[in-house]
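Student: To start, I am sharing the structure in question, which I have written as structure tokens.
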Protein chains: 2
Amino acid sequence: MKTIGIIGGGQLGRMLAMAASRLNFRTIILEPQPDCPAAQLANSQIVAAYDDRIALAQLADACDVVTYEFENVPVEAARYLEKLVAVYPPPQALEVAQDRLIEKQYLNSCGISTAGFRAVDSQEDLDKALAEFGGKGVLKTRRLGYDGKGQMVFRAGDAADGVYARLGGVPLILESFVPFAREISIIAARGLDGHIECYDPAENVHRNGILHTSTLPANIGLAVAVQARDAALRLLNALDYIGVLGIEFFVTDDERLIANEIAPRVHNSGHWTEAACAISQFEQHIRAVGNLPLGDPFRHSDCVMQNLIGDVINEVEAWARLKDVLIHLYGKAQPRPGRKMGHITRLTGHRL
Amino acid sequence: MKTIGIIGGGQLGRMLAMAASRLNFRTIILEPQPDCPAAQLANSQIVAAYDDRIALAQLADACDVVTYEFENVPVEAARYLEKLVAVYPPPQALEVAQDRLIEKQYLNSCGISTAGFRAVDSQEDLDKALAEFGGKGVLKTRRLGYDGKGQMVFRAGDAADGVYARLGGVPLILESFVPFAREISIIAARGLDGHIECYDPAENVHRNGILHTSTLPANIGLAVAVQARDAALRLLNALDYIGVLGIEFFVTDDERLIANEIAPRVHNSGHWTEAACAISQFEQHIRAVGNLPLGDPFRHSDCVMQNLIGDVINEVEAWARLKDVLIHLYGKAQPRPGRKMGHITRLTGHRL
């Protein structure tokens with residue numbers, strides 16, 4: 001029986017461990033927090049920091065392949081591991097995803113459109129970039145932002161004085177506004193043999209910068225779906241990627257797709273696959289990194305996935321009363337505002 | 001977060017632990033074999049015999065409710081536990097299911113038809129019973145037989161001399177042959193509030209006494225389905241049952257239902273529910289014993305479940321290539337002849 005190491009102990013690791021077990025892979029979680037959501041389902045846990053070299057060597061020794069469940073795994077840790085054991089997705093995907101500037105440059109180099117952007121490494125850079133973008137845009141830290149954290153919105157006339165210093169003098173990026181009609185994402189997988197499979201695009205609604213719902217089918221035409229699929233193919237092939245990856249897009253009124261960000265891992269906007277497809281994104285990722293044939297991403301049902309954030313977890317009994325609702329909770333003890341505690345997927349119709 | 005204890009560490013416990021985790025229940029497995037299939041997915045394991053009183057007390061202390069995944073849990077252990085913690089399904093269900101004679105008597109007392117049967121406690125009993133059944137029937141040990149083990153078939157003219165002693169002088173039962181057109185089973189659940197939900201009946205094919213396939217829908221008319229449902233309602237209410245229970249039936253040519261055996265637990269012929277329903281039998285059982293509302297057992301797809309027995313586990317990569325096939329393996333290291341290593345469910349059509 002083969003063993004898969006998973007760096008990171010959150011809900012994505014938990015769902016990966018569950019999918020792995022059903023295909024007879026054993027799993028070991030590397031995560032500093034004991035009894036983390038993933039370790040509750042995995043065969044074992046190494047309790048250590050993600051960049052602990054002794055723990056990484058121990059993980060490599062015990063595993064046939066190592067993967068990860070979040071994109072802020074230290075790249076040096078992944079590069080170190082790679083010398084000892086197969087690491088999928090490739091560490092280069094981490095490098096690209098961890099820095100919003102490199103990410104946008106890389107997407108553009110693959111022929112994938114993004115918002116306009118400028119690197120901001122000084123107050124002078126910021127003033128100049130804002131002037132170029134008509135005083136408007138979203139200023140973001142290049143690294144370590146997620147779920148809307150570390151972002152600042154500029155509307156025409158907003159003062160920028162001293163903002164660079166106030167944000168800590170860290171590398172920033174100013175992105176131009178994209179007026180969009182809707183947001184979608186695509187979850188795609190590439191196997192060791194280079195074969196690629198894509199799930200149907202989901203239409204996503206965010207609240208307070210956090211994903212609220214993903215709805216299938218997305219309210220888009222075939223041309224938009226084909227663009228999304230094309231972008232996934234370009235990116236996965238360019239990165240020589242192995243595993244599941246998510247790309248979030250804005251869809252403009254005139255049906256152009258603007259890539260917003262990529263996640264080199266299973267993605268929240270793909271949780272619906274566990275309810276509406278025979279093969280979930282979690283199983284697909286395990287198949288890819290475990291060298292099994294990719295599954296068919298056929299979607300048998302229409303559905304809406306909704307995140308259960310913070311106290312909403314207390315509504316579970318009401319959800320449990322509804323027909324055709326799949327509940328999935330993450331084993332987290334404390335509900336905190338903004339904390340993802342679980343999700344539900346409601347099947348809304350079945351396709352022949 | 002509540003904790004559910006599970007007695008028994010096989011694949012049924014494994015799938016229960018997985019379903020429990022998704023509803024934020026923690027699980028503890030009581031099982032003498034370390035690293036058993038269930039413990040690989042559960043939060044923890046107590047490694048001890050099923051009747052170890054210290055271990056049972058430890059389990060009761062750590063859990064809000066205790067359930068079990070096989071019907072041969074010692075009744076005394078369940079009765080002892082019951083004084084310390086809630087135990088569902090009720091231990092009486094174990095008593096009924098563990099003894100083929102008591103089982104048939106109980107079914108008949110609920111108005112559920114079975115094959116004719118005679119208790120056999122001596123060679124004289126056997127000779128007399130065979131004479132009454134025209135020399136034909138199936139002789140079974142009253143206790144501890146499963147998957148066709150501990151059974152002997154008599155056809156007219158077969159000699160019975162010395163058979164009682166040869167079978168060890170244990171209590172036996174002779175059952176009359178039931179000429180049947182097909183075999184079906186029904187999986188039903190009853191909640192703490194007395195509410196009952198039934199899944200669609202499955203049509204089952206056995207090979208060498210072991211379940212081979214379950215097919216949905218079963219090739220039966222509405223009248224037969226209603227009989228199966230009616231039998232489940234009678235039995236669950238009579239036992240004041242909490243949890244999931246399976247009943248296997250023969251269907252005669254003239255569409256009469258003859259109950260064959262009951263399993264006071266999740267059942268192999270209900271594994272398809274995980275692929276073809278929003279709420280699987282495993283989640284349904286966890287909901288029942290965990291005091292959540294029962295889920296709707298609506299079946300969204302037609303399907304065929306097939307057990308992967310022994311070496312068939314090596315065909316998994318071929319199954320992985322097929323569309324709409326859900327693979328579920330049990331984390332067992334050694335394939336042995338007759339050992340259930342996993343199952344697959346193929347979705348064969350979707351209902352609107």
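Ordering of the structure tokens sets the chain letters (A, B, ...); residue numbers start at 1 within each chain; ligands are numbered from 1 in the order shown.
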Within 8 Å of chain B, which residues of chain A are there when counting only C-alpha atoms? Please give them as a PyMOL selection string.
Tutor: chain A and resi 1+18+21-26+40-43+275+277-279+292-296+298+300+317+320-333+347+349-352
Student: Please, could you write that set of residues out with C-alpha atoms as a PDB file, in the first residue's frame?
Tutor:
ATOM      1  CA  MET A   1       0.000   0.000   0.000  1.00  0.00           C
ATOM      2  CA  MET A  18     -10.549  10.758   3.051  1.00  0.00           C
ATOM      3  CA  SER A  21      -8.165   6.156   2.020  1.00  0.00           C
ATOM      4  CA  ARG A  22     -10.870   5.054  -0.397  1.00  0.00           C
ATOM      5  CA  LEU A  23      -8.179   4.273  -2.972  1.00  0.00           C
ATOM      6  CA  ASN A  24      -6.038   2.388  -0.421  1.00  0.00           C
ATOM      7  CA  PHE A  25      -3.414   5.073  -0.027  1.00  0.00           C
ATOM      8  CA  ARG A  26      -2.189   5.703   3.487  1.00  0.00           C
ATOM      9  CA  GLN A  40      -8.316  13.320  12.365  1.00  0.00           C
ATOM     10  CA  LEU A  41      -8.837  11.354   9.144  1.00  0.00           C
ATOM     11  CA  ALA A  42      -5.251  10.535   8.152  1.00  0.00           C
ATOM     12  CA  ASN A  43      -3.250   7.484   9.172  1.00  0.00           C
ATOM     13  CA  ALA A 275     -21.784  15.765  -4.342  1.00  0.00           C
ATOM     14  CA  CYS A 277     -19.722  13.930  -9.730  1.00  0.00           C
ATOM     15  CA  ALA A 278     -18.706  10.301  -9.299  1.00  0.00           C
ATOM     16  CA  ILE A 279     -15.085  11.482  -8.931  1.00  0.00           C
ATOM     17  CA  LEU A 292      -3.721   6.355 -11.198  1.00  0.00           C
ATOM     18  CA  PRO A 293      -5.714   7.247 -14.332  1.00  0.00           C
ATOM     19  CA  LEU A 294      -7.628  10.505 -13.923  1.00  0.00           C
ATOM     20  CA  GLY A 295     -11.350  10.067 -13.373  1.00  0.00           C
ATOM     21  CA  ASP A 296     -14.077  11.322 -15.665  1.00  0.00           C
ATOM     22  CA  PHE A 298     -18.764  14.214 -15.628  1.00  0.00           C
ATOM     23  CA  HIS A 300     -24.478  14.185 -12.918  1.00  0.00           C
ATOM     24  CA  GLU A 317     -29.557  20.677  12.103  1.00  0.00           C
ATOM     25  CA  ALA A 320     -29.938  18.189   7.920  1.00  0.00           C
ATOM     26  CA  ARG A 321     -33.714  18.368   7.501  1.00  0.00           C
ATOM     27  CA  LEU A 322     -33.518  19.292   3.824  1.00  0.00           C
ATOM     28  CA  LYS A 323     -33.746  16.836   0.974  1.00  0.00           C
ATOM     29  CA  ASP A 324     -30.732  16.275  -1.284  1.00  0.00           C
ATOM     30  CA  VAL A 325     -28.365  18.342   0.833  1.00  0.00           C
ATOM     31  CA  LEU A 326     -24.910  16.957   1.494  1.00  0.00           C
ATOM     32  CA  ILE A 327     -23.346  18.319   4.694  1.00  0.00           C
ATOM     33  CA  HIS A 328     -19.595  18.314   5.150  1.00  0.00           C
ATOM     34  CA  LEU A 329     -18.045  19.657   8.366  1.00  0.00           C
ATOM     35  CA  TYR A 330     -14.359  20.053   9.126  1.00  0.00           C
ATOM     36  CA  GLY A 331     -13.920  18.916  12.725  1.00  0.00           C
ATOM     37  CA  LYS A 332     -12.898  22.379  13.944  1.00  0.00           C
ATOM     38  CA  ALA A 333     -13.678  22.914  17.608  1.00  0.00           C
ATOM     39  CA  LEU A 347     -28.414  19.003  -5.465  1.00  0.00           C
ATOM     40  CA  GLY A 349     -31.539  18.918 -10.483  1.00  0.00           C
ATOM     41  CA  HIS A 350     -30.293  15.811 -12.171  1.00  0.00           C
ATOM     42  CA  ARG A 351     -29.052  15.423 -15.724  1.00  0.00           C
ATOM     43  CA  LEU A 352     -29.674  12.351 -17.819  1.00  0.00           C
TER      44      LEU A 352
END
Student: Looking only at the backbone, which of the residues in segment 109-342 of chain A does DSSP tag as alpha helix (DSSP H), as a PyMOL selection string?
Tutor: chain A and resi 109+123-132+163-166+222-238+273-276+281-289+316-320
Student: Could you tell me which of A:Ala38, A:Ile102, A:Leu81, A:Ile29 comes closest to Arg53 of chain A if we count only C-alpha atoms?
Tutor: A:Leu81
Student: Which of segment 95-203 of chain A counts as strand (DSSP E) under DSSP, as an mmCIF file with all heavy atoms, in the first residue's frame please?
Tutor:
data_model
loop_
_atom_site.group_PDB
_atom_site.id
_atom_site.type_symbol
_atom_site.label_atom_id
_atom_site.label_comp_id
_atom_site.auth_asym_id
_atom_site.auth_seq_id
_atom_site.Cartn_x
_atom_site.Cartn_y
_atom_site.Cartn_z
ATOM 1 N N PHE A 117 -1.643 45.567 -14.062
ATOM 2 C CA PHE A 117 -0.997 45.555 -12.740
ATOM 3 C C PHE A 117 0.331 46.300 -12.805
ATOM 4 O O PHE A 117 0.929 46.448 -13.874
ATOM 5 C CB PHE A 117 -0.791 44.122 -12.256
ATOM 6 C CG PHE A 117 0.060 43.280 -13.179
ATOM 7 C CD1 PHE A 117 1.437 43.207 -13.012
ATOM 8 C CD2 PHE A 117 -0.521 42.575 -14.227
ATOM 9 C CE1 PHE A 117 2.226 42.435 -13.863
ATOM 10 C CE2 PHE A 117 0.253 41.810 -15.096
ATOM 11 C CZ PHE A 117 1.631 41.741 -14.923
ATOM 12 N N ARG A 118 0.763 46.792 -11.662
ATOM 13 C CA ARG A 118 2.065 47.433 -11.516
ATOM 14 C C ARG A 118 2.696 46.962 -10.217
ATOM 15 O O ARG A 118 2.012 46.914 -9.183
ATOM 16 C CB ARG A 118 1.919 48.969 -11.443
ATOM 17 C CG ARG A 118 1.403 49.635 -12.709
ATOM 18 C CD ARG A 118 2.424 49.585 -13.861
ATOM 19 N NE ARG A 118 1.912 50.299 -15.032
ATOM 20 C CZ ARG A 118 1.111 49.758 -15.954
ATOM 21 N NH1 ARG A 118 0.727 48.492 -15.853
ATOM 22 N NH2 ARG A 118 0.713 50.489 -16.980
ATOM 23 N N ALA A 119 3.966 46.662 -10.252
ATOM 24 C CA ALA A 119 4.700 46.382 -9.016
ATOM 25 C C ALA A 119 4.819 47.676 -8.219
ATOM 26 O O ALA A 119 5.034 48.747 -8.797
ATOM 27 C CB ALA A 119 6.089 45.837 -9.340
ATOM 28 N N VAL A 120 4.642 47.589 -6.902
ATOM 29 C CA VAL A 120 4.734 48.767 -6.041
ATOM 30 C C VAL A 120 5.737 48.465 -4.929
ATOM 31 O O VAL A 120 5.433 47.717 -3.994
ATOM 32 C CB VAL A 120 3.352 49.127 -5.451
ATOM 33 C CG1 VAL A 120 3.505 50.223 -4.385
ATOM 34 C CG2 VAL A 120 2.391 49.575 -6.549
ATOM 35 N N GLY A 137 -7.926 51.425 -8.232
ATOM 36 C CA GLY A 137 -7.329 50.100 -8.301
ATOM 37 C C GLY A 137 -7.357 49.414 -6.944
ATOM 38 O O GLY A 137 -7.847 49.969 -5.962
ATOM 39 N N VAL A 138 -6.866 48.172 -6.903
ATOM 40 C CA VAL A 138 -6.785 47.416 -5.650
ATOM 41 C C VAL A 138 -5.313 47.196 -5.342
ATOM 42 O O VAL A 138 -4.567 46.640 -6.165
ATOM 43 C CB VAL A 138 -7.494 46.050 -5.764
ATOM 44 C CG1 VAL A 138 -7.547 45.380 -4.396
ATOM 45 C CG2 VAL A 138 -8.897 46.224 -6.316
ATOM 46 N N LEU A 139 -4.909 47.673 -4.164
ATOM 47 C CA LEU A 139 -3.525 47.514 -3.732
ATOM 48 C C LEU A 139 -3.463 46.272 -2.845
ATOM 49 O O LEU A 139 -4.244 46.127 -1.900
ATOM 50 C CB LEU A 139 -3.107 48.760 -2.940
ATOM 51 C CG LEU A 139 -1.637 48.838 -2.525
ATOM 52 C CD1 LEU A 139 -0.713 48.939 -3.742
ATOM 53 C CD2 LEU A 139 -1.419 50.032 -1.585
ATOM 54 N N LYS A 140 -2.548 45.370 -3.190
ATOM 55 C CA LYS A 140 -2.479 44.103 -2.448
ATOM 56 C C LYS A 140 -1.036 43.813 -2.075
ATOM 57 O O LYS A 140 -0.107 44.193 -2.803
ATOM 58 C CB LYS A 140 -2.980 42.946 -3.336
ATOM 59 C CG LYS A 140 -4.417 43.067 -3.787
ATOM 60 C CD LYS A 140 -4.801 41.896 -4.707
ATOM 61 C CE LYS A 140 -6.271 41.996 -5.141
ATOM 62 N NZ LYS A 140 -6.637 40.905 -6.079
ATOM 63 N N THR A 141 -0.833 43.127 -0.953
ATOM 64 C CA THR A 141 0.506 42.603 -0.683
ATOM 65 C C THR A 141 0.785 41.545 -1.753
ATOM 66 O O THR A 141 -0.125 40.826 -2.184
ATOM 67 C CB THR A 141 0.581 41.936 0.710
ATOM 68 O OG1 THR A 141 -0.442 40.950 0.797
ATOM 69 C CG2 THR A 141 0.371 42.978 1.811
ATOM 70 N N GLN A 151 -5.663 43.639 1.593
ATOM 71 C CA GLN A 151 -6.030 44.356 0.381
ATOM 72 C C GLN A 151 -6.567 45.749 0.731
ATOM 73 O O GLN A 151 -7.129 45.958 1.791
ATOM 74 C CB GLN A 151 -7.112 43.590 -0.388
ATOM 75 C CG GLN A 151 -6.722 42.151 -0.688
ATOM 76 C CD GLN A 151 -7.553 41.545 -1.798
ATOM 77 O OE1 GLN A 151 -8.455 42.188 -2.325
ATOM 78 N NE2 GLN A 151 -7.226 40.319 -2.161
ATOM 79 N N MET A 152 -6.391 46.705 -0.190
ATOM 80 C CA MET A 152 -6.868 48.071 0.039
ATOM 81 C C MET A 152 -7.400 48.598 -1.290
ATOM 82 O O MET A 152 -6.714 48.524 -2.311
ATOM 83 C CB MET A 152 -5.677 48.915 0.490
ATOM 84 C CG MET A 152 -6.041 50.283 0.979
ATOM 85 S SD MET A 152 -4.570 50.995 1.764
ATOM 86 C CE MET A 152 -5.317 52.431 2.498
ATOM 87 N N VAL A 153 -8.615 49.110 -1.254
ATOM 88 C CA VAL A 153 -9.246 49.556 -2.500
ATOM 89 C C VAL A 153 -9.098 51.072 -2.649
ATOM 90 O O VAL A 153 -9.329 51.818 -1.691
ATOM 91 C CB VAL A 153 -10.744 49.173 -2.502
ATOM 92 C CG1 VAL A 153 -11.469 49.785 -3.707
ATOM 93 C CG2 VAL A 153 -10.888 47.653 -2.493
ATOM 94 N N PHE A 154 -8.685 51.519 -3.814
ATOM 95 C CA PHE A 154 -8.615 52.951 -4.130
ATOM 96 C C PHE A 154 -9.695 53.308 -5.134
ATOM 97 O O PHE A 154 -9.799 52.677 -6.187
ATOM 98 C CB PHE A 154 -7.250 53.312 -4.736
ATOM 99 C CG PHE A 154 -6.168 53.393 -3.705
ATOM 100 C CD1 PHE A 154 -5.454 52.262 -3.358
ATOM 101 C CD2 PHE A 154 -5.876 54.589 -3.063
ATOM 102 C CE1 PHE A 154 -4.465 52.315 -2.394
ATOM 103 C CE2 PHE A 154 -4.894 54.659 -2.092
ATOM 104 C CZ PHE A 154 -4.177 53.522 -1.755
ATOM 105 N N LEU A 172 4.350 45.275 -2.863
ATOM 106 C CA LEU A 172 2.914 45.349 -3.148
ATOM 107 C C LEU A 172 2.681 45.264 -4.649
ATOM 108 O O LEU A 172 3.614 45.347 -5.450
ATOM 109 C CB LEU A 172 2.343 46.676 -2.630
ATOM 110 C CG LEU A 172 2.539 46.998 -1.147
ATOM 111 C CD1 LEU A 172 2.077 48.423 -0.839
ATOM 112 C CD2 LEU A 172 1.782 46.006 -0.276
ATOM 113 N N ILE A 173 1.404 45.122 -4.996
ATOM 114 C CA ILE A 173 1.019 45.170 -6.409
ATOM 115 C C ILE A 173 -0.277 45.981 -6.492
ATOM 116 O O ILE A 173 -1.164 45.831 -5.644
ATOM 117 C CB ILE A 173 0.840 43.740 -6.996
ATOM 118 C CG1 ILE A 173 0.473 43.788 -8.483
ATOM 119 C CG2 ILE A 173 -0.192 42.948 -6.211
ATOM 120 C CD1 ILE A 173 0.442 42.397 -9.127
ATOM 121 N N LEU A 174 -0.325 46.885 -7.452
ATOM 122 C CA LEU A 174 -1.576 47.603 -7.702
ATOM 123 C C LEU A 174 -2.223 46.975 -8.926
ATOM 124 O O LEU A 174 -1.583 46.838 -9.981
ATOM 125 C CB LEU A 174 -1.336 49.096 -7.949
ATOM 126 C CG LEU A 174 -2.637 49.905 -8.118
ATOM 127 C CD1 LEU A 174 -3.367 50.076 -6.787
ATOM 128 C CD2 LEU A 174 -2.370 51.272 -8.749
ATOM 129 N N GLU A 175 -3.478 46.567 -8.754
ATOM 130 C CA GLU A 175 -4.199 45.956 -9.865
ATOM 131 C C GLU A 175 -5.329 46.885 -10.295
ATOM 132 O O GLU A 175 -6.002 47.480 -9.451
ATOM 133 C CB GLU A 175 -4.794 44.605 -9.445
ATOM 134 C CG GLU A 175 -3.742 43.600 -8.996
ATOM 135 C CD GLU A 175 -4.341 42.287 -8.478
ATOM 136 O OE1 GLU A 175 -5.578 42.113 -8.571
ATOM 137 O OE2 GLU A 175 -3.560 41.465 -7.974
ATOM 138 N N ARG A 182 -19.772 38.604 -13.599
ATOM 139 C CA ARG A 182 -19.808 37.483 -12.652
ATOM 140 C C ARG A 182 -18.416 36.914 -12.460
ATOM 141 O O ARG A 182 -17.493 37.248 -13.193
ATOM 142 C CB ARG A 182 -20.772 36.388 -13.130
ATOM 143 C CG ARG A 182 -20.506 35.875 -14.526
ATOM 144 C CD ARG A 182 -21.545 34.837 -14.946
ATOM 145 N NE ARG A 182 -22.896 35.283 -14.666
ATOM 146 C CZ ARG A 182 -23.633 36.031 -15.489
ATOM 147 N NH1 ARG A 182 -23.155 36.402 -16.654
ATOM 148 N NH2 ARG A 182 -24.850 36.396 -15.150
ATOM 149 N N GLU A 183 -18.302 36.051 -11.456
ATOM 150 C CA GLU A 183 -17.040 35.362 -11.204
ATOM 151 C C GLU A 183 -17.244 33.869 -11.419
ATOM 152 O O GLU A 183 -18.253 33.313 -10.989
ATOM 153 C CB GLU A 183 -16.575 35.590 -9.760
ATOM 154 C CG GLU A 183 -16.218 37.027 -9.454
ATOM 155 C CD GLU A 183 -15.789 37.198 -7.999
ATOM 156 O OE1 GLU A 183 -14.606 37.010 -7.701
ATOM 157 O OE2 GLU A 183 -16.665 37.503 -7.163
ATOM 158 N N ILE A 184 -16.271 33.246 -12.067
ATOM 159 C CA ILE A 184 -16.322 31.787 -12.224
ATOM 160 C C ILE A 184 -14.965 31.206 -11.846
ATOM 161 O O ILE A 184 -13.990 31.941 -11.663
ATOM 162 C CB ILE A 184 -16.682 31.352 -13.669
ATOM 163 C CG1 ILE A 184 -15.568 31.739 -14.644
ATOM 164 C CG2 ILE A 184 -18.021 31.921 -14.098
ATOM 165 C CD1 ILE A 184 -15.677 31.045 -15.999
ATOM 166 N N SER A 185 -14.923 29.905 -11.723
ATOM 167 C CA SER A 185 -13.636 29.231 -11.529
ATOM 168 C C SER A 185 -13.681 27.910 -12.265
ATOM 169 O O SER A 185 -14.764 27.373 -12.552
ATOM 170 C CB SER A 185 -13.354 28.997 -10.050
ATOM 171 O OG SER A 185 -14.360 28.192 -9.482
ATOM 172 N N ILE A 186 -12.495 27.420 -12.570
ATOM 173 C CA ILE A 186 -12.428 26.088 -13.179
ATOM 174 C C ILE A 186 -11.433 25.259 -12.384
ATOM 175 O O ILE A 186 -10.408 25.763 -11.936
ATOM 176 C CB ILE A 186 -12.044 26.160 -14.682
ATOM 177 C CG1 ILE A 186 -12.253 24.794 -15.344
ATOM 178 C CG2 ILE A 186 -10.616 26.658 -14.884
ATOM 179 C CD1 ILE A 186 -12.324 24.845 -16.859
ATOM 180 N N ILE A 187 -11.806 24.005 -12.168
ATOM 181 C CA ILE A 187 -10.948 23.056 -11.454
ATOM 182 C C ILE A 187 -10.464 22.060 -12.498
ATOM 183 O O ILE A 187 -11.278 21.426 -13.170
ATOM 184 C CB ILE A 187 -11.739 22.306 -10.363
ATOM 185 C CG1 ILE A 187 -12.469 23.289 -9.440
ATOM 186 C CG2 ILE A 187 -10.836 21.365 -9.581
ATOM 187 C CD1 ILE A 187 -11.589 24.169 -8.609
ATOM 188 N N ALA A 188 -9.150 21.959 -12.634
ATOM 189 C CA ALA A 188 -8.587 21.087 -13.656
ATOM 190 C C ALA A 188 -7.531 20.195 -13.024
ATOM 191 O O ALA A 188 -6.966 20.523 -11.980
ATOM 192 C CB ALA A 188 -7.975 21.913 -14.778
ATOM 193 N N ALA A 189 -7.271 19.072 -13.668
ATOM 194 C CA ALA A 189 -6.262 18.144 -13.149
ATOM 195 C C ALA A 189 -5.397 17.658 -14.294
ATOM 196 O O ALA A 189 -5.872 17.495 -15.425
ATOM 197 C CB ALA A 189 -6.932 16.954 -12.477
ATOM 198 N N ARG A 190 -4.120 17.454 -13.992
ATOM 199 C CA ARG A 190 -3.209 16.891 -14.988
ATOM 200 C C ARG A 190 -2.493 15.703 -14.339
ATOM 201 O O ARG A 190 -2.013 15.793 -13.207
ATOM 202 C CB ARG A 190 -2.206 17.947 -15.442
ATOM 203 C CG ARG A 190 -1.313 17.531 -16.600
ATOM 204 C CD ARG A 190 -0.586 18.754 -17.160
ATOM 205 N NE ARG A 190 0.358 18.429 -18.221
ATOM 206 C CZ ARG A 190 1.612 18.027 -18.004
ATOM 207 N NH1 ARG A 190 2.081 17.914 -16.783
ATOM 208 N NH2 ARG A 190 2.404 17.764 -19.031
ATOM 209 N N ILE A 196 -5.127 15.668 -19.251
ATOM 210 C CA ILE A 196 -5.812 16.721 -18.498
ATOM 211 C C ILE A 196 -7.320 16.504 -18.504
ATOM 212 O O ILE A 196 -7.891 16.133 -19.529
ATOM 213 C CB ILE A 196 -5.479 18.117 -19.086
ATOM 214 C CG1 ILE A 196 -3.992 18.434 -18.849
ATOM 215 C CG2 ILE A 196 -6.350 19.215 -18.460
ATOM 216 C CD1 ILE A 196 -3.529 19.750 -19.451
ATOM 217 N N GLU A 197 -7.950 16.699 -17.353
ATOM 218 C CA GLU A 197 -9.412 16.678 -17.252
ATOM 219 C C GLU A 197 -9.866 17.947 -16.535
ATOM 220 O O GLU A 197 -9.234 18.365 -15.563
ATOM 221 C CB GLU A 197 -9.903 15.461 -16.454
ATOM 222 C CG GLU A 197 -9.650 14.109 -17.101
ATOM 223 C CD GLU A 197 -10.575 13.809 -18.280
ATOM 224 O OE1 GLU A 197 -11.457 14.643 -18.586
ATOM 225 O OE2 GLU A 197 -10.408 12.733 -18.888
ATOM 226 N N CYS A 198 -10.967 18.542 -17.010
ATOM 227 C CA CYS A 198 -11.504 19.757 -16.386
ATOM 228 C C CYS A 198 -12.944 19.523 -15.940
ATOM 229 O O CYS A 198 -13.743 18.974 -16.686
ATOM 230 C CB CYS A 198 -11.516 20.912 -17.392
ATOM 231 S SG CYS A 198 -9.890 21.348 -18.020
ATOM 232 N N ALA A 202 -17.620 26.638 -12.294
ATOM 233 C CA ALA A 202 -18.597 27.018 -11.256
ATOM 234 C C ALA A 202 -18.749 28.527 -11.261
ATOM 235 O O ALA A 202 -17.790 29.250 -11.543
ATOM 236 C CB ALA A 202 -18.106 26.559 -9.886
ATOM 237 N N GLU A 203 -19.945 28.988 -10.950
ATOM 238 C CA GLU A 203 -20.150 30.425 -10.774
ATOM 239 C C GLU A 203 -20.074 30.732 -9.283
ATOM 240 O O GLU A 203 -20.796 30.124 -8.481
ATOM 241 C CB GLU A 203 -21.508 30.845 -11.337
ATOM 242 C CG GLU A 203 -21.751 32.327 -11.158
ATOM 243 C CD GLU A 203 -22.845 32.847 -12.079
ATOM 244 O OE1 GLU A 203 -23.271 32.111 -13.005
ATOM 245 O OE2 GLU A 203 -23.265 33.995 -11.871
#
Student: Which residues come within 9 Å of Tyr106 of chain B, counting only C-alpha atoms, excluding same-chain residues fewer than 5 positions away, as a PyMOL selection string?
Tutor: chain B and resi 96+101+111-112+235
